[in-house]
Amino acid sequence: MRVCIHRGTQEVGGTCIEIESGGKRIVLDVGLPLEAEDSEASLPQVKGFRERESSLLAVVISHPHQDHYGLAKYLLPDTPMIMGAAAERILKAASFFTPAGVAFQRVRHLEHRVPLSIGPFTLTPFLNDHSAYDAYSLLIEADGQRVFYSGDLRGHGRKARIFQQILKNPPEDIDVLLMEGTTIGRVSAAKQFPAERELEACFLEQIRQTPGLVLVWASAQNIDRFVTMFKACKKSGRQLMIDMYTAEILRATGNPKLPQATWDGIKVFLPQSQKRQIIKAKLFSLAECYKAARIYPEQLAEQASSSVMLFRPSMSRDLEKAACLKGAHVIYSLWPGYLKRKEQYPFLEWLERHHIPLTHCHTSGHASLLDLQAFAQAINPKMLVPIHSFETGRFKEFFDRVEQKEDGKWWEIS
Ligand SMILES: [Zn+2]
């Protein structure tokens, strides 16, 4: 096999890895870089991305995070895609509400530890504990060689057990491990992250201290976090209000064990922006699905003190109009770095204007250094290639048999 990491040897985001065997090729992820323009021009130079080319057998999406699939919308529409079934549904549901979603024409599905044949390649996915739902690591076999791509992973989420499973029962004889290192250099080496389950107490405490409406700014697609929030709501006796986009994402998981908009204690709020989208697309059947669970703007003020709302700054106008912000409190439950960006200044001003305090309550979607070390040790590859990190140069301090590669350069697996 030959490998070319088009993007990822120097950065978090924009991951794209091409693997070739006997003239046939597969691509792992086609992510949107954090800084590059969201346009076709950012699509890596891969044969078959811009013109029909039969040697490109498939594009595999490891998980539904933009930095792993974000440029896929610029691929030819009939490009053969491979991803988790729930991941496909989530991206499709998101495509109605946000420009970040995407619907594909030809998709095969990944299933935990079920091998898939693609020309000369055998692809075996391993479910990951990560902040995206339906996320996988990928074992790629061809020419008697074995490459393992970590995807994005962690060991402290709600699927921590799946992480422990791969440590105990790892794929063997791995020639090359392509391993993410998002948190390397971001936090001190010894730091272990709080477990997702521990966050519940943080949420509960903040909810109990808030006289008015609790606004939780979290990603609608971080299902682990949603469960944390829902459990804290249950314990506090408050109802949880979600928007229709979130309701559709929950439905797209297809997992009956996860909270759904139709469950007791959950209400569906339709912000103006989503209302306009539904009217424009004449998708009244969608609104109809959630009719029994709806909460309307004129009810927000009276129910504020008994509610928690999954929030995004795009909803600020709706809440202002509903006059439900007295005694409100924002729980910020995303990567702290986003809040420091210039584009968030208007939101911070909005908080100030309404005297709304903000509390951080978050844990990383990525593994700590200690978990990455345990993972690398379990996989025990002949060569470890760092990817998906701003500090790939530092991997040598923490791992054995590290070989750094360059973006856009082909190399042979020996
Ligand atoms: Zn991710």
# chains A, B, ... in the order shown; residues from 1 in each chain; ligands from 1

call {"tool": "residues_around", "arguments": {"residues": "Asp67 of chain A", "least_positions_apart": "5", "cutoff": "7 Å", "atoms": "only C-alpha atoms", "output": "ChimeraX atom specification"}}
result
/A:13-15,31-34

call {"tool": "residues_near_ligand", "arguments": {"ligand": "ligand 1", "cutoff": "7 Å", "atoms": "only C-alpha atoms and all ligand atoms", "output": "NGL selection string"}}
result
:A and (63 or 65 or 67-68 or 130-132 or 152)

call {"tool": "select_by_dssp", "arguments": {"residues": "segment 30-247 of chain A", "states": "alpha helix (DSSP H)", "output": "VMD selection string"}}
result
chain A and resid 66 to 69 85 to 97 160 to 168 196 to 209 223 to 236 244 to 247

call {"tool": "write_last_selection", "arguments": {"atoms": "C-alpha atoms", "output": "PDB file, in the first residue's frame"}}
result
ATOM      1  CA  GLN A  66     -17.180  18.991   9.810  1.00  0.00           C
ATOM      2  CA  ASP A  67     -13.406  18.749  10.057  1.00  0.00           C
ATOM      3  CA  HIS A  68     -13.815  15.169   8.739  1.00  0.00           C
ATOM      4  CA  TYR A  69     -16.637  15.466   6.179  1.00  0.00           C
ATOM      5  CA  ALA A  85     -25.826   4.535   8.992  1.00  0.00           C
ATOM      6  CA  ALA A  86     -26.684   6.915  11.837  1.00  0.00           C
ATOM      7  CA  ALA A  87     -23.943   9.298  10.706  1.00  0.00           C
ATOM      8  CA  GLU A  88     -25.549   9.407   7.255  1.00  0.00           C
ATOM      9  CA  ARG A  89     -28.999  10.111   8.760  1.00  0.00           C
ATOM     10  CA  ILE A  90     -27.576  12.836  11.026  1.00  0.00           C
ATOM     11  CA  LEU A  91     -25.874  14.610   8.123  1.00  0.00           C
ATOM     12  CA  LYS A  92     -29.049  14.372   6.058  1.00  0.00           C
ATOM     13  CA  ALA A  93     -31.212  15.739   8.891  1.00  0.00           C
ATOM     14  CA  ALA A  94     -28.727  18.560   9.417  1.00  0.00           C
ATOM     15  CA  SER A  95     -28.746  19.398   5.689  1.00  0.00           C
ATOM     16  CA  PHE A  96     -32.284  20.751   5.965  1.00  0.00           C
ATOM     17  CA  PHE A  97     -31.505  23.178   8.784  1.00  0.00           C
ATOM     18  CA  ALA A 160     -15.609   4.656  27.672  1.00  0.00           C
ATOM     19  CA  ARG A 161     -16.242   0.927  27.707  1.00  0.00           C
ATOM     20  CA  ILE A 162     -15.729   0.699  23.954  1.00  0.00           C
ATOM     21  CA  PHE A 163     -12.339   2.391  24.412  1.00  0.00           C
ATOM     22  CA  GLN A 164     -11.404  -0.135  27.111  1.00  0.00           C
ATOM     23  CA  GLN A 165     -12.499  -2.911  24.745  1.00  0.00           C
ATOM     24  CA  ILE A 166     -10.063  -1.917  22.032  1.00  0.00           C
ATOM     25  CA  LEU A 167      -7.258  -1.646  24.605  1.00  0.00           C
ATOM     26  CA  LYS A 168      -8.008  -5.222  25.691  1.00  0.00           C
ATOM     27  CA  GLU A 196     -18.663  12.977  30.622  1.00  0.00           C
ATOM     28  CA  ARG A 197     -20.656  11.374  33.452  1.00  0.00           C
ATOM     29  CA  GLU A 198     -19.073  13.727  36.010  1.00  0.00           C
ATOM     30  CA  LEU A 199     -20.332  16.781  34.093  1.00  0.00           C
ATOM     31  CA  GLU A 200     -23.860  15.989  35.200  1.00  0.00           C
ATOM     32  CA  ALA A 201     -23.074  17.302  38.692  1.00  0.00           C
ATOM     33  CA  CYS A 202     -21.696  20.546  37.236  1.00  0.00           C
ATOM     34  CA  PHE A 203     -24.886  21.048  35.193  1.00  0.00           C
ATOM     35  CA  LEU A 204     -27.109  20.203  38.137  1.00  0.00           C
ATOM     36  CA  GLU A 205     -25.370  22.671  40.441  1.00  0.00           C
ATOM     37  CA  GLN A 206     -25.676  25.518  37.909  1.00  0.00           C
ATOM     38  CA  ILE A 207     -29.326  24.713  37.202  1.00  0.00           C
ATOM     39  CA  ARG A 208     -30.165  24.719  40.911  1.00  0.00           C
ATOM     40  CA  GLN A 209     -28.469  28.095  41.433  1.00  0.00           C
ATOM     41  CA  ILE A 223     -25.321  13.279  21.871  1.00  0.00           C
ATOM     42  CA  ASP A 224     -23.246  12.353  24.932  1.00  0.00           C
ATOM     43  CA  ARG A 225     -23.605  15.935  26.154  1.00  0.00           C
ATOM     44  CA  PHE A 226     -27.314  15.939  25.414  1.00  0.00           C
ATOM     45  CA  VAL A 227     -27.770  12.881  27.637  1.00  0.00           C
ATOM     46  CA  THR A 228     -25.774  14.624  30.394  1.00  0.00           C
ATOM     47  CA  MET A 229     -28.009  17.663  30.106  1.00  0.00           C
ATOM     48  CA  PHE A 230     -31.191  15.589  30.069  1.00  0.00           C
ATOM     49  CA  LYS A 231     -30.162  13.677  33.203  1.00  0.00           C
ATOM     50  CA  ALA A 232     -29.336  16.896  35.046  1.00  0.00           C
ATOM     51  CA  CYS A 233     -32.735  18.317  34.030  1.00  0.00           C
ATOM     52  CA  LYS A 234     -34.523  15.228  35.336  1.00  0.00           C
ATOM     53  CA  LYS A 235     -32.730  15.500  38.677  1.00  0.00           C
ATOM     54  CA  SER A 236     -33.477  19.214  38.978  1.00  0.00           C
ATOM     55  CA  MET A 244     -36.615  21.315  15.942  1.00  0.00           C
ATOM     56  CA  TYR A 245     -33.157  20.815  14.446  1.00  0.00           C
ATOM     57  CA  THR A 246     -32.016  19.083  17.644  1.00  0.00           C
ATOM     58  CA  ALA A 247     -35.234  17.038  17.716  1.00  0.00           C
TER      59      ALA A 247
END

call {"tool": "select_by_dssp", "arguments": {"residues": "segment 143-267 of chain A", "states": "strand (DSSP E or B)", "output": "list in words"}}
result
Gln145, Arg146, Val147, Phe148, Tyr149, Val176, Leu177, Leu178, Met179, Glu180, Ile184, Val187, Val214, Leu215, Val216, Trp217, Gln239, Leu240, Met241, Ile242, Asp243, Ile266 and Lys267 of chain A

call {"tool": "write_last_selection", "arguments": {"atoms": "C-alpha atoms", "output": "PDB file, in the first residue's frame"}}
result
ATOM      1  CA  GLN A 145      -0.291  -4.932   5.102  1.00  0.00           C
ATOM      2  CA  ARG A 146      -2.364  -3.329   7.827  1.00  0.00           C
ATOM      3  CA  VAL A 147      -2.964   0.353   8.465  1.00  0.00           C
ATOM      4  CA  PHE A 148      -4.987   1.545  11.448  1.00  0.00           C
ATOM      5  CA  TYR A 149      -6.550   5.021  11.378  1.00  0.00           C
ATOM      6  CA  VAL A 176       1.189   1.854  10.478  1.00  0.00           C
ATOM      7  CA  LEU A 177      -0.955   3.645  13.043  1.00  0.00           C
ATOM      8  CA  LEU A 178      -2.271   7.030  11.905  1.00  0.00           C
ATOM      9  CA  MET A 179      -3.147   8.547  15.277  1.00  0.00           C
ATOM     10  CA  GLU A 180      -4.892  11.791  16.212  1.00  0.00           C
ATOM     11  CA  ILE A 184      -1.289  17.328  22.605  1.00  0.00           C
ATOM     12  CA  VAL A 187      -3.256  20.975  27.872  1.00  0.00           C
ATOM     13  CA  VAL A 214     -30.961  28.084  32.034  1.00  0.00           C
ATOM     14  CA  LEU A 215     -29.522  28.361  28.533  1.00  0.00           C
ATOM     15  CA  VAL A 216     -27.073  25.611  27.606  1.00  0.00           C
ATOM     16  CA  TRP A 217     -24.912  26.401  24.604  1.00  0.00           C
ATOM     17  CA  GLN A 239     -38.102  20.455  31.620  1.00  0.00           C
ATOM     18  CA  LEU A 240     -35.667  20.564  28.703  1.00  0.00           C
ATOM     19  CA  MET A 241     -36.529  22.699  25.681  1.00  0.00           C
ATOM     20  CA  ILE A 242     -34.923  21.865  22.361  1.00  0.00           C
ATOM     21  CA  ASP A 243     -35.286  23.321  18.885  1.00  0.00           C
ATOM     22  CA  ILE A 266     -38.822  17.443  26.688  1.00  0.00           C
ATOM     23  CA  LYS A 267     -40.435  20.353  24.821  1.00  0.00           C
TER      24      LYS A 267
END

call {"tool": "residues_around", "arguments": {"residues": "Leu76 of chain A", "least_positions_apart": "4", "cutoff": "12 Å", "atoms": "only C-alpha atoms", "output": "PDB file with N, CA, C and O atoms, in the first residue's frame"}}
result
ATOM      1  N   GLU A  40     -14.995  24.771  -3.060  1.00  0.00           N
ATOM      2  CA  GLU A  40     -14.430  23.652  -3.811  1.00  0.00           C
ATOM      3  C   GLU A  40     -12.919  23.777  -3.943  1.00  0.00           C
ATOM      4  O   GLU A  40     -12.212  22.775  -4.049  1.00  0.00           O
ATOM      5  N   LEU A  43     -10.810  21.659  -1.710  1.00  0.00           N
ATOM      6  CA  LEU A  43     -10.822  20.203  -1.887  1.00  0.00           C
ATOM      7  C   LEU A  43      -9.424  19.730  -2.297  1.00  0.00           C
ATOM      8  O   LEU A  43      -8.834  20.277  -3.223  1.00  0.00           O
ATOM      9  N   LYS A  47      -7.404  12.391  -7.525  1.00  0.00           N
ATOM     10  CA  LYS A  47      -8.023  11.957  -8.791  1.00  0.00           C
ATOM     11  C   LYS A  47      -9.402  11.366  -8.504  1.00  0.00           C
ATOM     12  O   LYS A  47      -9.516  10.438  -7.704  1.00  0.00           O
ATOM     13  N   GLY A  48     -10.428  11.922  -9.137  1.00  0.00           N
ATOM     14  CA  GLY A  48     -11.782  11.429  -8.904  1.00  0.00           C
ATOM     15  C   GLY A  48     -12.611  12.376  -8.048  1.00  0.00           C
ATOM     16  O   GLY A  48     -13.806  12.183  -7.896  1.00  0.00           O
ATOM     17  N   PHE A  49     -11.975  13.374  -7.458  1.00  0.00           N
ATOM     18  CA  PHE A  49     -12.726  14.353  -6.665  1.00  0.00           C
ATOM     19  C   PHE A  49     -13.450  15.346  -7.579  1.00  0.00           C
ATOM     20  O   PHE A  49     -14.546  15.788  -7.288  1.00  0.00           O
ATOM     21  N   ARG A  50     -12.778  15.731  -8.683  1.00  0.00           N
ATOM     22  CA  ARG A  50     -13.367  16.768  -9.560  1.00  0.00           C
ATOM     23  C   ARG A  50     -13.812  16.222 -10.903  1.00  0.00           C
ATOM     24  O   ARG A  50     -14.558  16.857 -11.618  1.00  0.00           O
ATOM     25  N   GLU A  51     -13.280  15.029 -11.269  1.00  0.00           N
ATOM     26  CA  GLU A  51     -13.651  14.413 -12.542  1.00  0.00           C
ATOM     27  C   GLU A  51     -13.859  12.932 -12.281  1.00  0.00           C
ATOM     28  O   GLU A  51     -13.313  12.372 -11.340  1.00  0.00           O
ATOM     29  N   ARG A  52     -14.693  12.305 -13.119  1.00  0.00           N
ATOM     30  CA  ARG A  52     -14.961  10.887 -12.918  1.00  0.00           C
ATOM     31  C   ARG A  52     -13.681  10.070 -13.096  1.00  0.00           C
ATOM     32  O   ARG A  52     -12.950  10.266 -14.062  1.00  0.00           O
ATOM     33  N   GLU A  53     -13.387   9.173 -12.160  1.00  0.00           N
ATOM     34  CA  GLU A  53     -12.161   8.370 -12.227  1.00  0.00           C
ATOM     35  C   GLU A  53     -12.462   7.051 -11.496  1.00  0.00           C
ATOM     36  O   GLU A  53     -12.658   7.035 -10.285  1.00  0.00           O
ATOM     37  N   LEU A  56     -10.919   5.488  -8.135  1.00  0.00           N
ATOM     38  CA  LEU A  56     -11.326   5.929  -6.786  1.00  0.00           C
ATOM     39  C   LEU A  56     -12.532   5.089  -6.364  1.00  0.00           C
ATOM     40  O   LEU A  56     -13.638   5.268  -6.862  1.00  0.00           O
ATOM     41  N   ALA A  58     -13.883   4.538  -3.165  1.00  0.00           N
ATOM     42  CA  ALA A  58     -14.794   5.035  -2.127  1.00  0.00           C
ATOM     43  C   ALA A  58     -14.150   6.144  -1.303  1.00  0.00           C
ATOM     44  O   ALA A  58     -12.922   6.208  -1.182  1.00  0.00           O
ATOM     45  N   VAL A  59     -14.998   6.993  -0.767  1.00  0.00           N
ATOM     46  CA  VAL A  59     -14.584   7.981   0.229  1.00  0.00           C
ATOM     47  C   VAL A  59     -15.248   7.585   1.541  1.00  0.00           C
ATOM     48  O   VAL A  59     -16.473   7.454   1.610  1.00  0.00           O
ATOM     49  N   LEU A  71     -15.890  18.987   3.387  1.00  0.00           N
ATOM     50  CA  LEU A  71     -15.728  19.293   1.958  1.00  0.00           C
ATOM     51  C   LEU A  71     -16.418  18.260   1.069  1.00  0.00           C
ATOM     52  O   LEU A  71     -16.376  18.361  -0.155  1.00  0.00           O
ATOM     53  N   ALA A  72     -17.073  17.276   1.679  1.00  0.00           N
ATOM     54  CA  ALA A  72     -17.701  16.199   0.893  1.00  0.00           C
ATOM     55  C   ALA A  72     -18.790  16.732  -0.029  1.00  0.00           C
ATOM     56  O   ALA A  72     -19.075  16.138  -1.070  1.00  0.00           O
ATOM     57  N   PRO A  80     -18.987   7.147  -4.601  1.00  0.00           N
ATOM     58  CA  PRO A  80     -19.352   6.117  -3.609  1.00  0.00           C
ATOM     59  C   PRO A  80     -18.828   6.500  -2.223  1.00  0.00           C
ATOM     60  O   PRO A  80     -17.633   6.712  -2.050  1.00  0.00           O
ATOM     61  N   MET A  81     -19.745   6.593  -1.277  1.00  0.00           N
ATOM     62  CA  MET A  81     -19.382   7.020   0.074  1.00  0.00           C
ATOM     63  C   MET A  81     -19.559   5.851   1.046  1.00  0.00           C
ATOM     64  O   MET A  81     -20.402   4.977   0.828  1.00  0.00           O
ATOM     65  N   PHE A 104     -26.123  12.308   0.658  1.00  0.00           N
ATOM     66  CA  PHE A 104     -25.335  11.610  -0.364  1.00  0.00           C
ATOM     67  C   PHE A 104     -26.220  10.684  -1.191  1.00  0.00           C
ATOM     68  O   PHE A 104     -27.269  10.230  -0.740  1.00  0.00           O
ATOM     69  N   GLN A 105     -25.752  10.352  -2.398  1.00  0.00           N
ATOM     70  CA  GLN A 105     -26.533   9.476  -3.286  1.00  0.00           C
ATOM     71  C   GLN A 105     -26.196   7.997  -3.111  1.00  0.00           C
ATOM     72  O   GLN A 105     -27.066   7.145  -3.163  1.00  0.00           O
ATOM     73  N   ARG A 106     -24.891   7.689  -2.997  1.00  0.00           N
ATOM     74  CA  ARG A 106     -24.481   6.275  -2.938  1.00  0.00           C
ATOM     75  C   ARG A 106     -23.698   6.044  -1.652  1.00  0.00           C
ATOM     76  O   ARG A 106     -22.574   6.519  -1.520  1.00  0.00           O
TER      77      ARG A 106
END

call {"tool": "residues_around", "arguments": {"residues": "His156 of chain A", "least_positions_apart": "2", "cutoff": "8 Å", "atoms": "only C-alpha atoms", "output": "mmCIF file with all heavy atoms, in the first residue's frame"}}
result
data_model
loop_
_atom_site.group_PDB
_atom_site.id
_atom_site.type_symbol
_atom_site.label_atom_id
_atom_site.label_comp_id
_atom_site.auth_asym_id
_atom_site.auth_seq_id
_atom_site.Cartn_x
_atom_site.Cartn_y
_atom_site.Cartn_z
ATOM 1 N N ASP A 129 -15.391 5.951 21.122
ATOM 2 C CA ASP A 129 -15.926 6.898 22.089
ATOM 3 C C ASP A 129 -15.458 8.280 21.634
ATOM 4 O O ASP A 129 -14.256 8.549 21.592
ATOM 5 C CB ASP A 129 -15.356 6.562 23.479
ATOM 6 C CG ASP A 129 -15.896 7.486 24.566
ATOM 7 O OD1 ASP A 129 -16.964 8.075 24.366
ATOM 8 O OD2 ASP A 129 -15.233 7.595 25.614
ATOM 9 N N ARG A 154 -11.682 9.189 22.245
ATOM 10 C CA ARG A 154 -11.392 9.523 23.636
ATOM 11 C C ARG A 154 -11.730 8.304 24.492
ATOM 12 O O ARG A 154 -12.293 7.322 23.986
ATOM 13 C CB ARG A 154 -12.209 10.735 24.094
ATOM 14 C CG ARG A 154 -13.715 10.513 24.062
ATOM 15 C CD ARG A 154 -14.443 11.707 24.655
ATOM 16 N NE ARG A 154 -15.892 11.608 24.463
ATOM 17 C CZ ARG A 154 -16.742 12.513 24.898
ATOM 18 N NH1 ARG A 154 -16.314 13.567 25.566
ATOM 19 N NH2 ARG A 154 -18.042 12.373 24.694
ATOM 20 N N ARG A 158 -19.258 8.693 27.244
ATOM 21 C CA ARG A 158 -20.275 7.704 27.654
ATOM 22 C C ARG A 158 -20.022 6.334 27.050
ATOM 23 O O ARG A 158 -20.666 5.358 27.443
ATOM 24 C CB ARG A 158 -21.672 8.209 27.290
ATOM 25 C CG ARG A 158 -22.064 9.394 28.139
ATOM 26 C CD ARG A 158 -23.504 9.764 28.082
ATOM 27 N NE ARG A 158 -23.718 10.857 29.019
ATOM 28 C CZ ARG A 158 -24.038 10.680 30.295
ATOM 29 N NH1 ARG A 158 -24.212 9.492 30.785
ATOM 30 N NH2 ARG A 158 -24.182 11.729 31.090
ATOM 31 N N LYS A 159 -19.107 6.253 26.071
ATOM 32 C CA LYS A 159 -18.750 4.940 25.538
ATOM 33 C C LYS A 159 -17.335 4.543 25.975
ATOM 34 O O LYS A 159 -16.622 3.867 25.247
ATOM 35 C CB LYS A 159 -18.856 4.951 24.013
ATOM 36 C CG LYS A 159 -20.295 4.828 23.535
ATOM 37 C CD LYS A 159 -20.398 4.407 22.077
ATOM 38 C CE LYS A 159 -20.267 5.557 21.123
ATOM 39 N NZ LYS A 159 -21.329 6.555 21.209
ATOM 40 N N ALA A 160 -16.954 4.968 27.170
ATOM 41 C CA ALA A 160 -15.609 4.656 27.672
ATOM 42 C C ALA A 160 -15.344 3.154 27.588
ATOM 43 O O ALA A 160 -14.212 2.724 27.382
ATOM 44 C CB ALA A 160 -15.480 5.143 29.115
ATOM 45 N N PHE A 193 -8.976 14.460 31.663
ATOM 46 C CA PHE A 193 -10.185 15.266 31.509
ATOM 47 C C PHE A 193 -11.291 14.721 32.410
ATOM 48 O O PHE A 193 -11.346 13.523 32.667
ATOM 49 C CB PHE A 193 -10.654 15.246 30.060
ATOM 50 C CG PHE A 193 -9.642 15.810 29.114
ATOM 51 C CD1 PHE A 193 -9.111 15.029 28.107
ATOM 52 C CD2 PHE A 193 -9.209 17.124 29.248
ATOM 53 C CE1 PHE A 193 -8.163 15.547 27.234
ATOM 54 C CE2 PHE A 193 -8.264 17.648 28.384
ATOM 55 C CZ PHE A 193 -7.739 16.852 27.370
ATOM 56 N N PRO A 194 -12.215 15.613 32.847
ATOM 57 C CA PRO A 194 -13.364 15.084 33.595
ATOM 58 C C PRO A 194 -14.149 14.122 32.704
ATOM 59 O O PRO A 194 -14.256 14.354 31.493
ATOM 60 C CB PRO A 194 -14.202 16.320 33.916
ATOM 61 C CG PRO A 194 -13.587 17.478 33.221
ATOM 62 C CD PRO A 194 -12.269 17.070 32.664
ATOM 63 N N ALA A 195 -14.661 13.068 33.294
ATOM 64 C CA ALA A 195 -15.479 12.126 32.524
ATOM 65 C C ALA A 195 -16.804 12.786 32.190
ATOM 66 O O ALA A 195 -17.296 13.622 32.948
ATOM 67 C CB ALA A 195 -15.710 10.859 33.341
ATOM 68 N N GLU A 196 -17.372 12.421 31.047
ATOM 69 C CA GLU A 196 -18.663 12.977 30.622
ATOM 70 C C GLU A 196 -19.703 12.807 31.740
ATOM 71 O O GLU A 196 -20.481 13.701 32.023
ATOM 72 C CB GLU A 196 -19.115 12.271 29.345
ATOM 73 C CG GLU A 196 -20.383 12.817 28.726
ATOM 74 C CD GLU A 196 -20.274 14.244 28.174
ATOM 75 O OE1 GLU A 196 -19.232 14.583 27.587
ATOM 76 O OE2 GLU A 196 -21.234 15.002 28.359
ATOM 77 N N ALA A 367 -9.087 12.369 23.327
ATOM 78 C CA ALA A 367 -8.381 11.647 24.392
ATOM 79 C C ALA A 367 -7.300 12.500 25.041
ATOM 80 O O ALA A 367 -6.654 13.320 24.383
ATOM 81 C CB ALA A 367 -7.760 10.386 23.813
#

call {"tool": "atom_distance", "arguments": {"atom1": "atom CA of Tyr296 of chain A", "atom2": "atom CA of Leu351 of chain A"}}
result
22.9 Å

call {"tool": "residues_around", "arguments": {"residues": "Arg294 of chain A", "least_positions_apart": "3", "cutoff": "8 Å", "atoms": "only C-alpha atoms", "output": "ChimeraX atom specification"}}
result
/A:267-270,290-291

call {"tool": "write_last_selection", "arguments": {"atoms": "N, CA and C atoms", "output": "CSV table (one decimal), in the first residue's frame"}}
result
chain,number,residue,atom,x,y,z
A,267,LYS,N,-39.5,19.5,25.6
A,267,LYS,CA,-40.4,20.4,24.8
A,267,LYS,C,-39.7,20.8,23.6
A,268,VAL,N,-40.4,21.1,22.5
A,268,VAL,CA,-39.8,21.5,21.3
A,268,VAL,C,-40.2,23.0,21.0
A,269,PHE,N,-39.1,23.8,20.9
A,269,PHE,CA,-39.3,25.2,20.6
A,269,PHE,C,-38.9,25.4,19.1
A,270,LEU,N,-39.7,26.2,18.4
A,270,LEU,CA,-39.3,26.5,17.0
A,270,LEU,C,-38.9,28.0,16.9
A,290,TYR,N,-44.0,17.1,15.8
A,290,TYR,CA,-43.7,17.5,17.2
A,290,TYR,C,-44.8,18.3,17.8
A,291,LYS,N,-45.9,18.3,17.2
A,291,LYS,CA,-47.0,19.2,17.7
A,291,LYS,C,-47.3,19.0,19.2

call {"tool": "closest_residue", "arguments": {"among": "A:Gly119, A:Gly337, A:Pro346, A:Pro125", "to": "Ser316 of chain A", "atoms": "only C-alpha atoms"}}
result
A:Pro346
